[in-house]
Amino acid sequence: TPAAQAATFQRHLDFVGAPLGLDAAGLQILRIAGAATFGTIGIALGVFIGSPVALGIALLVGAVFGFYLPVLWLDQLVRQRRAELESALPNALDVVAISMEAGLGLDRALEQLVRHQEGPLTLLVARALREIELGRPRPQALEEMAQATGIEDFVALVRSIMHAERTGVPIARTIAAHSAQMRVKRRLRIRSEAAQASLKILLPTVGCVFPTLWLILLGPAPLGCVAIKHRGRDAG
């Protein structure tokens, strides 16, 4: 529904820091402007081609592309922000765990994280701490913060922290264990991406480099045969 779509856009915009000062309504205006701009470009292209069918297709393609381009841009920003958070999480968790082992409570440890580190993760933590200070229940504020990131490991960590707090399990130990687990997952993901990169490099090599190489190596042979044939005709 339009209301659910607007809420999703607003949640994503808040997550990436409201680029260009946009809100959900501003993003919709940007989509309409993009559709009008690229639709106009499509009309110009269709007029240049000079075919009514080409004009209609160019207008349709341009309008659809312009309408969805801001959404694709926002999705790309969300993916980049999640990648930044996944990279920063293990070190941030270490800071929180060390602070708690030094005798601080969870809230104070999170305040130390906000005070000594910068980045998108600390902005989310600072927002959650402000909500807690204003009277919002801590489990609710922290879980919503984790849900906003879309990172399953972070959501699981927050739930584990709340469970450890209820059952009396040392929270610092829980955080340290999750930090180590996230580092292992990240290392495995990097290895998997590296293995896929070699395959991605192989396909262009086989498709582009080898044909060119064969053309260079075998190209002179047909030319030599043609030259010999012409010489034989001339001699005859």
# chains A, B, ... in the order shown; residues from 1 in each chain; ligands from 1
>>> residues_around(residues="Arg159 (chain A)", least_positions_apart="3", cutoff="10 Å", atoms="only C-alpha atoms", output="PyMOL selection string")
chain A and resi 139+142-143+146+153-156+162-165
>>> closest_atom_pairs(of="region 57-157 of chain A", to="region 23-44 of chain A", cutoff="7 Å", atoms="only C-alpha atoms", output="Markdown table")
| residue | atom | partner | partner_atom | distance |
| --- | --- | --- | --- | --- |
| A:Ala58 | CA | A:Gly42 | CA | 4.4 |
| A:Leu59 | CA | A:Gly42 | CA | 4.5 |
| A:Leu60 | CA | A:Gly39 | CA | 6.9 |
| A:Gly62 | CA | A:Gly39 | CA | 4.5 |
| A:Ala63 | CA | A:Ala35 | CA | 4.1 |
| A:Val64 | CA | A:Ala35 | CA | 6.3 |
| A:Phe65 | CA | A:Ala35 | CA | 6.9 |
| A:Gly66 | CA | A:Ala35 | CA | 4.1 |
| A:Phe67 | CA | A:Ala35 | CA | 4.5 |
| A:Tyr68 | CA | A:Arg31 | CA | 6.6 |
| A:Pro70 | CA | A:Arg31 | CA | 6.0 |
>>> closest_residue(among="A:Arg79, A:Arg130, A:Arg183, A:Arg166", to="Ala92 (chain A)", atoms="only C-alpha atoms")
A:Arg183
>>> residues_around(residues="Arg82 (chain A)", least_positions_apart="6", cutoff="8 Å", atoms="only C-alpha atoms", output="list in words")
Thr149, Gly150 and Ile151 of chain A
>>> write_last_selection(atoms="all heavy atoms", output="PDB file, in the first residue's frame")
ATOM      1  N   THR A 149      18.761  -1.628  11.149  1.00  0.00           N
ATOM      2  CA  THR A 149      19.950  -1.887  10.337  1.00  0.00           C
ATOM      3  C   THR A 149      19.720  -2.996   9.316  1.00  0.00           C
ATOM      4  O   THR A 149      20.397  -3.031   8.283  1.00  0.00           O
ATOM      5  CB  THR A 149      21.131  -2.291  11.236  1.00  0.00           C
ATOM      6  OG1 THR A 149      20.833  -3.538  11.899  1.00  0.00           O
ATOM      7  CG2 THR A 149      21.400  -1.221  12.286  1.00  0.00           C
ATOM      8  N   GLY A 150      18.789  -3.910   9.581  1.00  0.00           N
ATOM      9  CA  GLY A 150      18.579  -5.035   8.683  1.00  0.00           C
ATOM     10  C   GLY A 150      19.678  -6.082   8.763  1.00  0.00           C
ATOM     11  O   GLY A 150      19.754  -6.959   7.897  1.00  0.00           O
ATOM     12  N   ILE A 151      20.525  -6.020   9.788  1.00  0.00           N
ATOM     13  CA  ILE A 151      21.622  -6.974   9.960  1.00  0.00           C
ATOM     14  C   ILE A 151      21.183  -8.040  10.969  1.00  0.00           C
ATOM     15  O   ILE A 151      20.972  -7.735  12.156  1.00  0.00           O
ATOM     16  CB  ILE A 151      22.896  -6.267  10.440  1.00  0.00           C
ATOM     17  CG1 ILE A 151      23.306  -5.178   9.436  1.00  0.00           C
ATOM     18  CG2 ILE A 151      24.035  -7.265  10.629  1.00  0.00           C
ATOM     19  CD1 ILE A 151      24.478  -4.343   9.886  1.00  0.00           C
TER      20      ILE A 151
END
>>> atom_distance(atom1="CA of Leu110 (chain A)", atom2="CA of Val125 (chain A)")
7.1 Å
>>> atom_distance(atom1="CA of Leu134 (chain A)", atom2="CA of Gly103 (chain A)")
24.4 Å
